[in-house]
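See below for work-v3.pdb, which holds PDB, C-alpha atoms.
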ATOM      1  CA  MET A   1      -0.430  -2.190  24.737
ATOM      2  CA  ASN A   2       1.796   0.857  24.458
ATOM      3  CA  ILE A   3       1.692   2.028  20.826
ATOM      4  CA  ASP A   4       4.670   3.726  19.183
ATOM      5  CA  TYR A   5       2.771   6.032  16.822
ATOM      6  CA  ASN A   6       5.966   7.491  15.375
ATOM      7  CA  LEU A   7       7.215   4.035  14.417
ATOM      8  CA  LEU A   8       3.893   3.228  12.753
ATOM      9  CA  MET A   9       4.005   6.463  10.753
ATOM     10  CA  ASP A  10       7.603   5.728   9.710
ATOM     11  CA  LYS A  11       6.480   2.303   8.492
ATOM     12  CA  ALA A  12       3.573   3.905   6.565
ATOM     13  CA  LYS A  13       5.970   6.363   4.932
ATOM     14  CA  ASP A  14       8.272   3.489   3.992
ATOM     15  CA  ALA A  15       5.350   1.537   2.524
ATOM     16  CA  SER A  16       4.306   4.523   0.385
ATOM     17  CA  LYS A  17       7.528   4.083  -1.603
ATOM     18  CA  HIS A  18       6.034   0.907  -3.099
ATOM     19  CA  SER A  19       2.796   2.537  -4.260
ATOM     20  CA  TYR A  20       1.656   1.616  -7.756
ATOM     21  CA  SER A  21      -0.376   4.676  -8.725
ATOM     22  CA  PRO A  22       0.268   5.448 -12.407
ATOM     23  CA  PHE A  23      -3.269   6.732 -12.997
ATOM     24  CA  SER A  24      -4.064   8.968 -10.028
ATOM     25  CA  LYS A  25      -0.446   9.712  -9.060
ATOM     26  CA  PHE A  26      -1.820   9.691  -5.471
ATOM     27  CA  VAL A  27       0.756   7.754  -3.457
ATOM     28  CA  VAL A  28      -0.370   6.180  -0.161
ATOM     29  CA  GLY A  29       1.281   3.912   2.385
ATOM     30  CA  ALA A  30      -0.169   2.340   5.518
ATOM     31  CA  ALA A  31       1.065   0.452   8.540
ATOM     32  CA  VAL A  32      -1.192  -1.692  10.721
ATOM     33  CA  LEU A  33      -0.502  -2.740  14.287
ATOM     34  CA  ALA A  34      -2.161  -6.056  15.122
ATOM     35  CA  SER A  35      -3.058  -7.161  18.648
ATOM     36  CA  SER A  36      -0.093  -9.589  18.513
ATOM     37  CA  GLY A  37       2.264  -6.610  18.314
ATOM     38  CA  ASN A  38       3.225  -7.336  14.706
ATOM     39  CA  ILE A  39       3.216  -4.507  12.160
ATOM     40  CA  TYR A  40       2.067  -5.012   8.564
ATOM     41  CA  GLN A  41       2.669  -2.567   5.737
ATOM     42  CA  GLY A  42       0.670  -1.915   2.598
ATOM     43  CA  CYS A  43       0.461   0.543  -0.266
ATOM     44  CA  ASN A  44      -2.187   1.493  -2.777
ATOM     45  CA  VAL A  45      -2.155  -0.584  -5.939
ATOM     46  CA  GLU A  46      -4.107   0.805  -8.892
ATOM     47  CA  ASN A  47      -5.465  -0.959 -11.929
ATOM     48  CA  SER A  48      -6.642   0.472 -15.252
ATOM     49  CA  SER A  49     -10.033  -0.941 -14.240
ATOM     50  CA  PHE A  50     -10.294   1.296 -11.159
ATOM     51  CA  GLY A  51     -12.703  -1.030  -9.336
ATOM     52  CA  LEU A  52      -9.880  -3.563  -9.098
ATOM     53  CA  SER A  53      -7.592  -1.138  -7.252
ATOM     54  CA  ILE A  54      -6.912  -1.434  -3.526
ATOM     55  CA  CYS A  55      -6.160   1.218  -0.933
ATOM     56  CA  ALA A  56      -3.038   1.038   1.218
ATOM     57  CA  GLU A  57      -5.033   0.515   4.424
ATOM     58  CA  ARG A  58      -6.948  -2.488   3.114
ATOM     59  CA  CYS A  59      -3.775  -3.901   1.585
ATOM     60  CA  ALA A  60      -2.054  -3.805   4.995
ATOM     61  CA  ILE A  61      -5.098  -5.092   6.889
ATOM     62  CA  PHE A  62      -5.664  -7.978   4.479
ATOM     63  CA  LYS A  63      -1.973  -8.849   4.713
ATOM     64  CA  ALA A  64      -2.306  -9.003   8.521
ATOM     65  CA  ILE A  65      -5.459 -11.111   8.416
ATOM     66  CA  SER A  66      -3.968 -13.457   5.807
ATOM     67  CA  GLU A  67      -1.053 -14.038   8.209
ATOM     68  CA  GLY A  68      -3.408 -15.152  10.991
ATOM     69  CA  GLU A  69      -4.086 -11.897  12.816
ATOM     70  CA  GLN A  70      -7.604 -11.320  14.109
ATOM     71  CA  LYS A  71      -7.651  -7.851  15.654
ATOM     72  CA  ILE A  72      -6.214  -4.505  14.607
ATOM     73  CA  LEU A  73      -5.190  -1.894  17.202
ATOM     74  CA  ALA A  74      -3.918   0.985  15.050
ATOM     75  CA  VAL A  75      -3.570   2.093  11.439
ATOM     76  CA  ALA A  76      -1.137   4.782  10.244
ATOM     77  CA  ILE A  77      -1.812   6.353   6.855
ATOM     78  CA  TYR A  78       0.593   8.524   4.879
ATOM     79  CA  SER A  79       0.655  10.276   1.525
ATOM     80  CA  PRO A  80       3.328  12.663   0.304
ATOM     81  CA  ASN A  81       0.619  14.199  -1.893
ATOM     82  CA  THR A  82      -1.503  15.718   0.881
ATOM     83  CA  ASP A  83      -1.710  16.626   4.536
ATOM     84  CA  SER A  84      -3.931  14.377   6.653
ATOM     85  CA  CYS A  85      -4.508  11.421   4.360
ATOM     86  CA  TYR A  86      -7.767  10.043   5.752
ATOM     87  CA  PRO A  87      -9.208   6.574   5.048
ATOM     88  CA  CYS A  88     -11.976   6.176   2.469
ATOM     89  CA  GLY A  89     -15.362   4.713   3.432
ATOM     90  CA  ALA A  90     -14.469   1.186   2.343
ATOM     91  CA  CYS A  91     -11.286   1.232   4.435
ATOM     92  CA  ARG A  92     -13.178   2.593   7.427
ATOM     93  CA  GLN A  93     -15.642  -0.279   7.270
ATOM     94  CA  VAL A  94     -12.852  -2.856   6.872
ATOM     95  CA  MET A  95     -11.105  -1.400   9.932
ATOM     96  CA  ASN A  96     -14.391  -1.676  11.790
ATOM     97  CA  GLU A  97     -14.617  -5.366  10.900
ATOM     98  CA  PHE A  98     -11.306  -6.151  12.590
ATOM     99  CA  GLU A  99     -11.528  -3.828  15.578
ATOM    100  CA  SER A 100     -11.200  -5.378  19.025
ATOM    101  CA  LYS A 101     -14.372  -5.376  21.134
ATOM    102  CA  ASP A 102     -12.263  -4.070  24.017
ATOM    103  CA  GLU A 103     -10.351  -1.296  22.288
ATOM    104  CA  GLU A 104     -11.173   1.085  19.468
ATOM    105  CA  ILE A 105      -8.714   1.375  16.579
ATOM    106  CA  ASP A 106      -6.417   4.407  16.590
ATOM    107  CA  VAL A 107      -6.123   6.059  13.165
ATOM    108  CA  ILE A 108      -2.874   7.980  12.763
ATOM    109  CA  THR A 109      -2.330  10.648  10.119
ATOM    110  CA  GLU A 110       0.139  13.479   9.792
ATOM    111  CA  LYS A 111      -0.768  17.130   9.344
ATOM    112  CA  LEU A 112       1.941  19.746   8.861
ATOM    113  CA  GLY A 113       4.518  17.364  10.312
ATOM    114  CA  GLN A 114       2.501  16.619  13.463
ATOM    115  CA  LEU A 115       0.842  13.294  14.195
ATOM    116  CA  GLU A 116      -2.949  13.322  14.505
ATOM    117  CA  ILE A 117      -4.408  10.380  16.410
ATOM    118  CA  LYS A 118      -8.151   9.826  16.297
ATOM    119  CA  LYS A 119     -10.382   6.882  17.144
ATOM    120  CA  LEU A 120     -12.058   5.022  14.297
ATOM    121  CA  SER A 121     -15.482   6.178  15.530
ATOM    122  CA  TYR A 122     -14.471   9.739  14.582
ATOM    123  CA  PHE A 123     -14.342   8.598  10.952
ATOM    124  CA  LEU A 124     -17.089   5.951  11.107
ATOM    125  CA  PRO A 125     -19.605   6.805  13.830
ATOM    126  CA  CYS A 126     -22.150   4.126  12.854
ATOM    127  CA  GLY A 127     -20.119   1.288  11.375
ATOM    128  CA  PHE A 128     -21.911  -1.928  10.476
ATOM    129  CA  LYS A 129     -21.164  -5.010  12.592
ATOM    130  CA  ILE A 130     -22.969  -8.318  12.867
TER     131      ILE A 130
END
Go ahead and express the file in the form of structure tokens.
Amino acid sequence: MNIDYNLLMDKAKDASKHSYSPFSKFVVGAAVLASSGNIYQGCNVENSSFGLSICAERCAIFKAISEGEQKILAVAIYSPNTDSCYPCGACRQVMNEFESKDEEIDVITEKLGQLEIKKLSYFLPCGFKI
């Protein structure tokens, strides 16, 4: 599948506008491309009990899976608070769970206005799979 990385990043930027981050003030948006071609957006949602918070990437991935998707091809992550907003360890493992056996997930970030595209294995070289 031909992936429009710019479109995914635009969707991640749009999703960041819905971030609920009153505690950290760290705004994040994500856009996930599923193997069906559908794109799902998510944002970080914090809670005063921080363990109940969710990252933008997992929000978007869980939205995709809850709509019947099975495989994720790409994840774009954006934060206006920093350059190169990388996924946390929990998000990396969740991405790993829904990666196609045939194709590694592309992780898209933006650094100094330029898209950076790296494979998930760059971020999670030894992910756990059953």
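Across the model, the gap from CA of Ala30 (chain A) to CA of Cys43 (chain A) is 6.1 Å.
When the distance limit is 6 Å and only C-alpha atoms are what count, the residues near region 99-106 of chain A, minus those fewer than 6 positions from it on the same chain, are Lys71, Ile72, Leu73, Ala74, Lys118, Lys119 and Leu120 of chain A.
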Using all atoms listed in the file, the best pick from A:Pro22, A:Ser36, A:Ser66, A:Val28 as closest to Phe50 (chain A) would be A:Pro22
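Take the candidates A:Ile61, A:Val94, A:Ile54, A:Val75 and check each one against Thr109 (chain A) using all atoms listed in the file; the shortest distance goes to A:Val75.
The smallest atom-to-atom distance between Gln114 (chain A) and any of A:Cys91, A:Cys55, A:Ile3, A:Met9, using only C-alpha atoms, is found for A:Met9.
Taking only C-alpha atoms into account, Ile117 (chain A) lies nearest to A:Ser84 out of the set A:Ser84, A:Ser48, A:Asn2, A:Ser19.
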**OP:** Apply the PyMOL selection byres ((chain A and resi 27) around 10) to the structure shown and report the selected residues as a ChimeraX atom specification.
**Re:** /A:13,15-22,24-26,28-29,43-45,55-56,78-82
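Atom pair CA of Glu46 (chain A) / CA of Lys63 (chain A): separated by 16.8 Å.
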If you take every atom of region 39-53 of chain A that the file lists and fit an axis-aligned box around them with 8 Å extra on each side, what centre and edge lengths come out in Å to one decimal, as JSON?
{"center_x": -4.7, "center_y": -1.8, "center_z": -1.5, "size_x": 31.9, "size_y": 22.5, "size_z": 43.4}
Taken to one decimal, the CA of Asp14 (chain A)-CA of Leu115 (chain A) distance is 16.0 Å
Worksheet item: Could you list as a PyMOL selection string every residue that has an atom within 12 Å of (3.8, -6.8, 10.0), using the file's coordinates and counting only C-alpha atoms?
Response: chain A and resi 8+11-12+15+30-42+59-69+72+75
| query | Any idea what's packed within 10 Å of Phe128 (chain A), counting all atoms listed in the file, ignoring anything in its chain fewer than 3 positions away? Could you give it as a list of chain:residue names? | reply | A:Gln93, A:Val94, A:Asn96, A:Glu97, A:Leu124, A:Pro125
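You can rank A:Leu7, A:Leu52, A:Phe98, A:Pro87 by their closest distance to Ile130 (chain A) using all atoms listed in the file, and at the top of that list sits A:Phe98.
Using all atoms listed in the file, the smallest distance between any of A:Gly127, A:Gln70, A:Ser49, A:Val107 and Cys85 (chain A) comes from A:Val107.
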